[in-house]
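Structure data follow from data.txt (compact mmCIF, C-alpha atoms):
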# COMPACT_ATOMS: atom_id res chain seq x y z
CA MET A 1 -2.45 -8.92 18.54
CA THR A 2 -1.64 -12.60 18.05
CA ARG A 3 -4.06 -14.26 15.65
CA PRO A 4 -5.51 -17.58 16.95
CA SER A 5 -4.69 -20.63 14.85
CA SER A 6 -7.20 -21.74 12.24
CA PRO A 7 -9.37 -24.74 13.16
CA LEU A 8 -8.36 -26.17 9.76
CA LEU A 9 -4.87 -26.80 11.14
CA SER A 10 -6.43 -29.90 12.67
CA LEU A 11 -6.95 -31.39 9.20
CA ARG A 12 -4.84 -34.39 8.29
CA GLY A 13 -1.27 -33.54 7.27
CA ALA A 14 -1.49 -29.84 8.14
CA VAL A 15 1.83 -28.12 8.85
CA ALA A 16 1.62 -24.56 10.15
CA ALA A 17 3.20 -21.74 8.17
CA ASP A 18 5.46 -19.15 9.75
CA GLY A 19 5.65 -15.37 10.00
CA VAL A 20 2.39 -13.53 9.39
CA ASP A 21 0.94 -16.68 7.82
CA ALA A 22 1.58 -18.82 10.94
CA PRO A 23 -2.12 -19.18 11.90
CA VAL A 24 -2.88 -21.20 8.74
CA ALA A 25 -1.33 -24.25 7.07
CA ALA A 26 1.77 -23.92 4.91
CA HIS A 27 0.87 -27.25 3.33
CA TYR A 28 -0.95 -30.51 4.02
CA GLY A 29 1.93 -32.83 3.20
CA GLU A 30 1.98 -32.68 -0.61
CA LEU A 31 3.09 -29.23 -1.77
CA PHE A 32 3.30 -29.85 -5.51
CA ARG A 33 0.08 -31.87 -5.63
CA GLU A 34 -1.68 -29.03 -3.83
CA GLN A 35 -0.37 -26.56 -6.40
CA ARG A 36 -1.46 -28.74 -9.31
CA GLU A 37 -4.92 -29.16 -7.82
CA LEU A 38 -5.35 -25.40 -7.41
CA ALA A 39 -4.11 -24.79 -10.96
CA ALA A 40 -6.70 -27.32 -12.18
CA GLY A 41 -9.53 -25.53 -10.32
CA ARG A 42 -9.92 -27.96 -7.45
CA GLY A 43 -9.70 -27.60 -3.67
CA PHE A 44 -9.53 -24.47 -1.52
CA VAL A 45 -7.08 -22.34 0.48
CA ASP A 46 -7.57 -21.31 4.09
CA LEU A 47 -6.94 -17.55 4.31
CA SER A 48 -8.73 -17.17 7.63
CA HIS A 49 -5.77 -15.32 9.15
CA ARG A 50 -6.43 -12.30 6.94
CA GLY A 51 -8.17 -9.27 8.41
CA VAL A 52 -11.77 -8.48 7.44
CA VAL A 53 -13.13 -4.92 7.53
CA THR A 54 -16.64 -3.84 6.56
CA VAL A 55 -18.06 -0.41 5.83
CA SER A 56 -21.83 0.09 5.73
CA GLY A 57 -24.13 3.09 5.51
CA PRO A 58 -25.49 5.16 2.62
CA ASP A 59 -22.31 7.26 2.25
CA ARG A 60 -19.89 4.32 2.21
CA LEU A 61 -18.87 4.32 -1.47
CA SER A 62 -18.67 8.10 -1.93
CA TRP A 63 -16.66 8.34 1.31
CA LEU A 64 -14.29 5.51 0.43
CA HIS A 65 -13.80 7.10 -2.98
CA LEU A 66 -12.19 10.10 -1.24
CA LEU A 67 -9.69 7.92 0.65
CA LEU A 68 -8.71 5.16 -1.76
CA THR A 69 -6.61 5.09 -4.91
CA GLN A 70 -9.43 3.28 -6.76
CA HIS A 71 -12.60 4.73 -8.32
CA VAL A 72 -15.37 3.22 -6.15
CA SER A 73 -18.06 5.90 -5.98
CA ALA A 74 -20.20 3.94 -8.45
CA LEU A 75 -18.84 0.45 -7.77
CA PRO A 76 -21.54 -2.02 -8.93
CA PRO A 77 -22.70 -4.65 -6.45
CA GLN A 78 -20.71 -7.92 -6.59
CA GLN A 79 -17.89 -6.40 -8.69
CA ALA A 80 -14.52 -7.11 -7.10
CA THR A 81 -11.77 -4.52 -7.09
CA GLU A 82 -8.66 -3.67 -5.12
CA ALA A 83 -7.40 -0.37 -3.77
CA LEU A 84 -4.57 1.19 -1.79
CA ILE A 85 -4.25 3.76 0.95
CA LEU A 86 -1.14 5.87 0.57
CA SER A 87 0.87 8.08 2.86
CA PRO A 88 0.97 11.83 2.14
CA HIS A 89 4.18 11.13 0.18
CA GLY A 90 2.56 8.43 -1.94
CA HIS A 91 4.04 5.39 -0.18
CA ILE A 92 1.78 2.33 0.16
CA GLU A 93 0.33 1.87 3.64
CA HIS A 94 -2.63 -0.49 3.10
CA ALA A 95 -3.90 -2.80 0.35
CA LEU A 96 -7.63 -3.59 0.37
CA TYR A 97 -9.34 -6.36 -1.61
CA LEU A 98 -12.91 -5.15 -1.98
CA VAL A 99 -16.43 -6.10 -2.98
CA ASP A 100 -19.72 -4.32 -2.29
CA ASP A 101 -22.92 -6.32 -1.86
CA GLY A 102 -25.29 -3.36 -2.30
CA ALA A 103 -25.48 -2.55 1.41
CA THR A 104 -21.97 -3.20 2.77
CA THR A 105 -18.46 -2.92 1.39
CA TRP A 106 -16.34 -5.91 2.36
CA ALA A 107 -12.54 -5.87 2.38
CA HIS A 108 -9.88 -8.34 3.34
CA VAL A 109 -6.40 -7.13 4.21
CA GLU A 110 -3.03 -8.46 5.29
CA PRO A 111 -2.95 -10.26 8.66
CA GLY A 112 -2.54 -7.87 11.54
CA THR A 113 -3.14 -4.66 9.54
CA GLU A 114 -6.88 -4.41 10.15
CA GLY A 115 -6.55 -2.60 13.49
CA GLU A 116 -4.45 0.22 12.07
CA LEU A 117 -6.70 0.42 9.01
CA VAL A 118 -9.88 0.70 11.09
CA ALA A 119 -8.28 3.36 13.29
CA TYR A 120 -7.39 5.42 10.23
CA LEU A 121 -10.86 5.04 8.72
CA GLN A 122 -12.52 6.03 11.99
CA LYS A 123 -10.33 9.14 12.13
CA MET A 124 -11.44 10.12 8.61
CA LYS A 125 -15.16 9.49 9.20
CA PHE A 126 -16.11 13.10 10.05
CA PHE A 127 -19.85 13.64 9.35
CA ASN A 128 -20.29 10.87 6.79
CA ASP A 129 -23.04 8.32 7.42
CA VAL A 130 -20.85 5.23 7.55
CA GLU A 131 -20.23 2.42 10.03
CA ILE A 132 -16.75 0.88 10.08
CA THR A 133 -16.30 -2.56 11.65
CA ASP A 134 -13.36 -4.83 12.27
CA ALA A 135 -15.18 -8.04 11.36
CA THR A 136 -12.16 -10.34 11.61
CA GLY A 137 -13.57 -12.10 14.64
CA ASP A 138 -16.82 -12.89 12.84
CA TYR A 139 -15.74 -13.67 9.26
CA ALA A 140 -12.95 -15.67 7.66
CA VAL A 141 -11.61 -15.61 4.10
CA VAL A 142 -11.36 -18.78 2.01
CA HIS A 143 -10.11 -18.89 -1.59
CA LEU A 144 -11.57 -21.12 -4.31
CA PRO A 145 -9.47 -21.40 -7.50
CA ALA A 146 -10.75 -20.46 -10.95
CA GLY A 147 -12.84 -23.30 -12.32
CA SER A 148 -14.02 -24.53 -8.92
CA THR A 149 -17.60 -25.77 -8.87
CA ALA A 150 -17.86 -25.66 -5.07
CA ASP A 151 -21.09 -24.27 -3.59
CA ALA A 152 -20.32 -20.80 -2.23
CA SER A 153 -23.82 -20.13 -0.89
CA ALA A 154 -22.62 -20.15 2.74
CA ALA A 155 -20.56 -17.00 2.10
CA ALA A 156 -21.77 -13.60 3.29
CA ALA A 157 -19.95 -12.00 0.33
CA VAL A 158 -17.94 -13.25 -2.66
CA ARG A 159 -15.18 -11.60 -4.69
CA GLU A 160 -15.18 -13.03 -8.24
CA LEU A 161 -11.69 -12.84 -9.76
CA PRO A 162 -9.99 -14.07 -12.94
CA TYR A 163 -7.96 -16.49 -10.81
CA GLY A 164 -10.72 -17.62 -8.42
CA ARG A 165 -13.17 -16.52 -5.76
CA ASP A 166 -12.57 -15.05 -2.30
CA LEU A 167 -15.34 -16.05 0.10
CA PHE A 168 -16.20 -14.22 3.32
CA LEU A 169 -17.52 -17.07 5.47
CA PRO A 170 -18.96 -16.86 8.99
CA ARG A 171 -15.98 -17.81 11.13
CA GLY A 172 -17.99 -20.23 13.24
CA ALA A 173 -19.00 -22.14 10.11
CA LEU A 174 -15.50 -22.33 8.62
CA ALA A 175 -14.87 -26.03 9.18
CA ALA A 176 -18.38 -27.12 8.16
CA ALA A 177 -18.52 -24.95 5.03
CA THR A 178 -15.11 -25.97 3.70
CA GLY A 179 -15.91 -29.64 4.19
CA GLY A 180 -17.61 -29.59 0.79
CA TYR A 181 -14.87 -27.70 -1.05
CA GLY A 182 -12.57 -30.64 -1.75
CA ALA A 183 -9.01 -31.15 -0.56
CA PRO A 184 -7.29 -28.22 1.16
CA ALA A 185 -4.19 -26.55 -0.27
CA GLY A 186 -1.76 -24.67 1.94
CA ILE A 187 -0.65 -21.06 1.76
CA TRP A 188 2.61 -22.15 0.05
CA ALA A 189 0.64 -23.45 -2.93
CA TYR A 190 -1.42 -20.25 -3.04
CA GLU A 191 1.76 -18.17 -2.87
CA ALA A 192 3.35 -20.14 -5.71
CA LEU A 193 0.44 -19.26 -8.00
CA ARG A 194 0.45 -15.65 -6.77
CA ILE A 195 4.12 -15.28 -7.60
CA GLU A 196 3.62 -16.94 -10.98
CA GLY A 197 0.88 -14.36 -11.63
CA HIS A 198 3.18 -11.47 -10.59
CA ARG A 199 0.64 -10.29 -8.01
CA PRO A 200 2.28 -8.13 -5.32
CA ARG A 201 1.57 -8.58 -1.64
CA LEU A 202 1.77 -5.84 0.99
CA GLY A 203 4.67 -6.42 3.39
CA PHE A 204 6.38 -8.80 0.97
CA GLU A 205 6.80 -6.81 -2.25
CA THR A 206 6.61 -3.52 -0.33
CA ASP A 207 8.77 -1.65 2.13
CA HIS A 208 8.33 1.75 3.79
CA ARG A 209 9.01 3.67 0.56
CA THR A 210 7.24 1.60 -2.10
CA ILE A 211 4.99 3.49 -4.51
CA PRO A 212 2.30 1.80 -6.67
CA HIS A 213 4.16 2.29 -9.98
CA GLU A 214 7.02 0.01 -8.89
CA LEU A 215 4.79 -3.06 -8.54
CA GLY A 216 2.37 -2.72 -11.44
CA TRP A 217 -0.40 -1.75 -9.05
CA LEU A 218 -1.36 1.16 -11.32
CA GLU A 219 -3.19 -1.34 -13.53
CA SER A 220 -5.27 -3.05 -10.84
CA ALA A 221 -5.50 -0.80 -7.76
CA VAL A 222 -5.11 2.81 -8.91
CA HIS A 223 -7.45 4.95 -11.02
CA LEU A 224 -5.47 7.73 -12.68
CA ASN A 225 -8.45 9.92 -13.60
CA LYS A 226 -10.34 10.20 -10.32
CA GLY A 227 -10.38 13.04 -7.83
CA CYS A 228 -7.83 13.81 -5.15
CA TYR A 229 -6.80 11.43 -2.39
CA ARG A 230 -3.86 11.30 -0.02
CA GLY A 231 -0.64 10.71 -1.97
CA GLN A 232 -2.26 11.48 -5.34
CA GLU A 233 0.32 14.15 -6.18
CA THR A 234 3.12 11.58 -6.11
CA VAL A 235 1.12 9.13 -8.21
CA ALA A 236 0.43 11.78 -10.87
CA ARG A 237 3.97 13.16 -10.91
CA VAL A 238 5.69 9.79 -11.26
CA ASN A 239 3.15 8.61 -13.83
CA ASN A 240 3.71 11.73 -15.95
CA LEU A 241 7.49 11.42 -15.72
CA GLY A 242 7.39 7.64 -16.15
CA ARG A 243 10.38 7.10 -13.90
CA PRO A 244 9.64 5.14 -10.70
CA PRO A 245 12.87 4.52 -8.78
CA ARG A 246 12.44 0.71 -8.71
CA ARG A 247 10.55 -2.00 -10.58
CA LEU A 248 9.26 -5.50 -9.88
CA VAL A 249 10.90 -8.43 -11.70
CA PHE A 250 10.15 -12.16 -11.88
CA LEU A 251 13.16 -14.41 -11.29
CA HIS A 252 13.89 -17.92 -12.49
CA LEU A 253 16.29 -19.29 -9.89
CA ASP A 254 19.08 -21.83 -10.38
CA GLY A 255 17.45 -25.16 -9.54
CA SER A 256 20.73 -26.76 -8.47
CA MET A 257 20.81 -24.70 -5.27
CA GLU A 258 19.25 -26.38 -2.23
CA ALA A 259 17.92 -23.29 -0.46
CA LEU A 260 15.69 -20.49 -1.69
CA PRO A 261 16.82 -16.90 -1.11
CA GLU A 262 15.12 -15.36 1.90
CA HIS A 263 12.91 -12.31 1.88
CA GLY A 264 15.20 -9.29 1.83
CA ALA A 265 18.18 -11.13 0.33
CA PRO A 266 20.22 -8.69 -1.80
CA VAL A 267 19.96 -8.87 -5.58
CA ARG A 268 23.14 -8.13 -7.50
CA VAL A 269 24.16 -8.09 -11.14
CA ALA A 270 25.96 -11.41 -11.63
CA ALA A 271 28.79 -9.79 -13.60
CA ASP A 272 29.66 -7.72 -10.50
CA GLY A 273 30.14 -10.87 -8.38
CA PRO A 274 28.79 -11.80 -4.95
CA GLU A 275 30.40 -8.75 -3.35
CA GLY A 276 29.03 -6.29 -5.88
CA ARG A 277 26.69 -3.47 -4.96
CA ALA A 278 23.07 -4.57 -4.41
CA VAL A 279 20.59 -3.35 -7.00
CA GLY A 280 17.53 -4.60 -5.11
CA PHE A 281 16.17 -7.33 -2.86
CA VAL A 282 14.18 -10.55 -3.04
CA THR A 283 10.57 -10.07 -1.96
CA SER A 284 9.07 -13.60 -2.25
CA ALA A 285 10.50 -16.98 -3.30
CA VAL A 286 8.85 -20.39 -3.78
CA ARG A 287 9.21 -23.76 -5.49
CA HIS A 288 6.68 -23.94 -8.31
CA HIS A 289 5.30 -27.26 -9.52
CA GLU A 290 6.13 -26.49 -13.19
CA LEU A 291 8.59 -23.59 -13.20
CA GLY A 292 10.86 -24.82 -10.43
CA PRO A 293 12.29 -22.28 -7.96
CA VAL A 294 11.07 -18.77 -8.76
CA ALA A 295 10.91 -15.43 -6.99
CA LEU A 296 9.81 -11.84 -7.19
CA ALA A 297 12.30 -9.05 -6.55
CA LEU A 298 12.33 -5.27 -6.45
CA VAL A 299 15.31 -3.81 -8.31
CA LYS A 300 16.55 -0.38 -9.35
CA ARG A 301 14.75 0.96 -12.39
CA ASN A 302 17.91 1.20 -14.50
CA THR A 303 18.99 -2.42 -13.93
CA VAL A 304 19.51 -3.85 -17.43
CA GLU A 305 16.44 -5.94 -18.22
CA ASP A 306 18.29 -8.96 -19.60
CA ALA A 307 21.17 -8.88 -17.09
CA ALA A 308 21.87 -12.13 -15.23
CA LEU A 309 21.43 -11.60 -11.50
CA LEU A 310 22.35 -13.12 -8.15
CA ALA A 311 19.47 -13.44 -5.68
CA GLY A 312 21.47 -13.81 -2.49
CA PRO A 313 23.89 -16.57 -3.52
CA VAL A 314 21.50 -18.03 -6.13
CA PRO A 315 22.05 -17.33 -9.86
CA ALA A 316 18.88 -15.99 -11.48
CA SER A 317 17.52 -14.84 -14.82
CA GLN A 318 14.85 -12.19 -14.90
CA GLU A 319 11.57 -11.54 -16.66
CA THR A 320 10.22 -8.02 -16.86
CA VAL A 321 7.07 -7.30 -14.85
CA VAL A 322 7.26 -3.50 -14.71
CA PRO A 323 9.16 -2.04 -17.70
CA GLN A 324 12.04 0.36 -17.26
So, in terms of structure tokens, how does the structure I just supplied come out?
Amino acid sequence: MTRPSSPLLSLRGAVAADGVDAPVAAHYGELFREQRELAAGRGFVDLSHRGVVTVSGPDRLSWLHLLLTQHVSALPPQQATEALILSPHGHIEHALYLVDDGATTWAHVEPGTEGELVAYLQKMKFFNDVEITDATGDYAVVHLPAGSTADASAAAAVRELPYGRDLFLPRGALAAATGGYGAPAGIWAYEALRIEGHRPRLGFETDHRTIPHELGWLESAVHLNKGCYRGQETVARVNNLGRPPRRLVFLHLDGSMEALPEHGAPVRVAADGPEGRAVGFVTSAVRHHELGPVALALVKRNTVEDAALLAGPVPASQETVVPQ
């Protein structure tokens, strides 16, 4: 289903993003200023294109605990966490960014994935006393950076994070509520800080065969000592062997090149030349206000960690995110 454009695209200077982020602004005319403001704890980011799913009812946490990679059966109210839903073979299907308010579990998810997620949850409901709702039409996500002093009291729920706060705002109050949050920053600025922080994003750093170990999601979205869930056998086996087939890397790109490598651009070892065999692919690339052009890429596990690379046609050096 096509997501309607955000009302905040009417703000001065707004330029719409593309792809799954098209309903919100890529930037408001000053990309690097917007990044610097976010890094300094000022402004906000419109993430109203993201899906919102709620689960209420007395069984919600114990039931979700059976389905998710994260330990949530005793999740304290107001404590943010994230979790995955895996395929039977351990491949990542959904990423959920969660908080429970004591009565309802709130989650935001990648744009356009909420319908499939709700359908799966409904199918797994059985006799549990839970109510699953696609609340995307009623609530919108807005991000405040770490250090922001903006009043978040209009939010129905808040996820407190080391790098900021995710607010679930009534969609009808989006424009009015954000009017007191300072200057807006576009999704490109938000993505630049995400990539700098090595935080993976479903559909960007993942493909149909990605497992959590490859992206460092074991640390933030997977609990290794909880009970069974779909795909848990793969998680345990690969963790015990310590040999995921691929690993996430952070790339510093040659700043003399005009264009950034596109999502999916092949990554090669530079010594093998531009026609060499690909060892991976670029997942996300941006221009950072301090670091210059940077990217994340998924490469074969045995790629030498200090090898110079080519990201598409762009020379790149790598930093390790997930060790060999």
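Proximity of A:Gly273, A:Pro4, A:Gly280, A:Gly102 to A:Pro313, computed with only C-alpha atoms, is greatest for A:Gly273.
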- Residues at most 9 Å from A:Leu8, counting only C-alpha atoms, excluding those fewer than 2 positions away in the same chain, as a list of chain:residue names? A:Ser5, A:Ser6, A:Ser10, A:Leu11, A:Ala14, A:Val24, A:Ala25, A:Asp46, A:Leu174, A:Ala175, A:Pro184
Using only C-alpha atoms, the shortest atom-to-atom distance to A:Tyr28 among A:Val279, A:Ala189, A:Val109, A:Leu96 belongs to A:Ala189
A:Arg171: which residues within 10 Å, counting all atoms listed in the file, same-chain residues fewer than 3 positions away excluded, as a JSON list (two decimals) with C-alpha atoms, in the frame of the given file?
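Once written, around27.json looks like this:
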[["chain", "number", "residue", "atom", "x", "y", "z"],
["A", 6, "SER", "CA", -7.20, -21.74, 12.24],
["A", 7, "PRO", "CA", -9.37, -24.74, 13.16],
["A", 48, "SER", "CA", -8.73, -17.17, 7.63],
["A", 135, "ALA", "CA", -15.18, -8.04, 11.36],
["A", 136, "THR", "CA", -12.16, -10.34, 11.61],
["A", 137, "GLY", "CA", -13.57, -12.10, 14.64],
["A", 138, "ASP", "CA", -16.82, -12.89, 12.84],
["A", 139, "TYR", "CA", -15.74, -13.67, 9.26],
["A", 140, "ALA", "CA", -12.95, -15.67, 7.66],
["A", 141, "VAL", "CA", -11.61, -15.61, 4.10],
["A", 168, "PHE", "CA", -16.20, -14.22, 3.32],
["A", 174, "LEU", "CA", -15.50, -22.33, 8.62],
["A", 175, "ALA", "CA", -14.87, -26.03, 9.18],
["A", 177, "ALA", "CA", -18.52, -24.95, 5.03]]
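The list of residues with at least one atom within 12 Å of A:Pro261, based on only C-alpha atoms and without residues fewer than 6 positions apart in the same chain, reads Leu251, His252, Leu253, Asp254, Gly255, Val267, Phe281, Val282, Thr283, Ser284, Ala285, Val286, Arg287, Pro293, Val294, Ala295, Leu296, Ala297, Leu310, Ala311, Gly312, Pro313, Val314, Pro315 and Ala316 of chain A.
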Atom CA of A:Pro77 to atom CA of A:Ala103 measures 8.6 Å
Place a sphere of radius 12 Å on (0.4, 14.8, -3.8) in the file coordinates and name every protein, DNA or RNA residue with an atom inside or on its surface, counting only C-alpha atoms; give the answer as an mmCIF file with C-alpha atoms, keeping the file's coordinate frame.
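The resulting selection-v2.cif:
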data_model
loop_
_atom_site.group_PDB
_atom_site.id
_atom_site.type_symbol
_atom_site.label_atom_id
_atom_site.label_comp_id
_atom_site.auth_asym_id
_atom_site.auth_seq_id
_atom_site.Cartn_x
_atom_site.Cartn_y
_atom_site.Cartn_z
ATOM 1 C CA LEU A 86 -1.140 5.870 0.570
ATOM 2 C CA SER A 87 0.870 8.080 2.860
ATOM 3 C CA PRO A 88 0.970 11.830 2.140
ATOM 4 C CA HIS A 89 4.180 11.130 0.180
ATOM 5 C CA GLY A 90 2.560 8.430 -1.940
ATOM 6 C CA HIS A 91 4.040 5.390 -0.180
ATOM 7 C CA GLY A 227 -10.380 13.040 -7.830
ATOM 8 C CA CYS A 228 -7.830 13.810 -5.150
ATOM 9 C CA TYR A 229 -6.800 11.430 -2.390
ATOM 10 C CA ARG A 230 -3.860 11.300 -0.020
ATOM 11 C CA GLY A 231 -0.640 10.710 -1.970
ATOM 12 C CA GLN A 232 -2.260 11.480 -5.340
ATOM 13 C CA GLU A 233 0.320 14.150 -6.180
ATOM 14 C CA THR A 234 3.120 11.580 -6.110
ATOM 15 C CA VAL A 235 1.120 9.130 -8.210
ATOM 16 C CA ALA A 236 0.430 11.780 -10.870
ATOM 17 C CA ARG A 237 3.970 13.160 -10.910
ATOM 18 C CA VAL A 238 5.690 9.790 -11.260
#
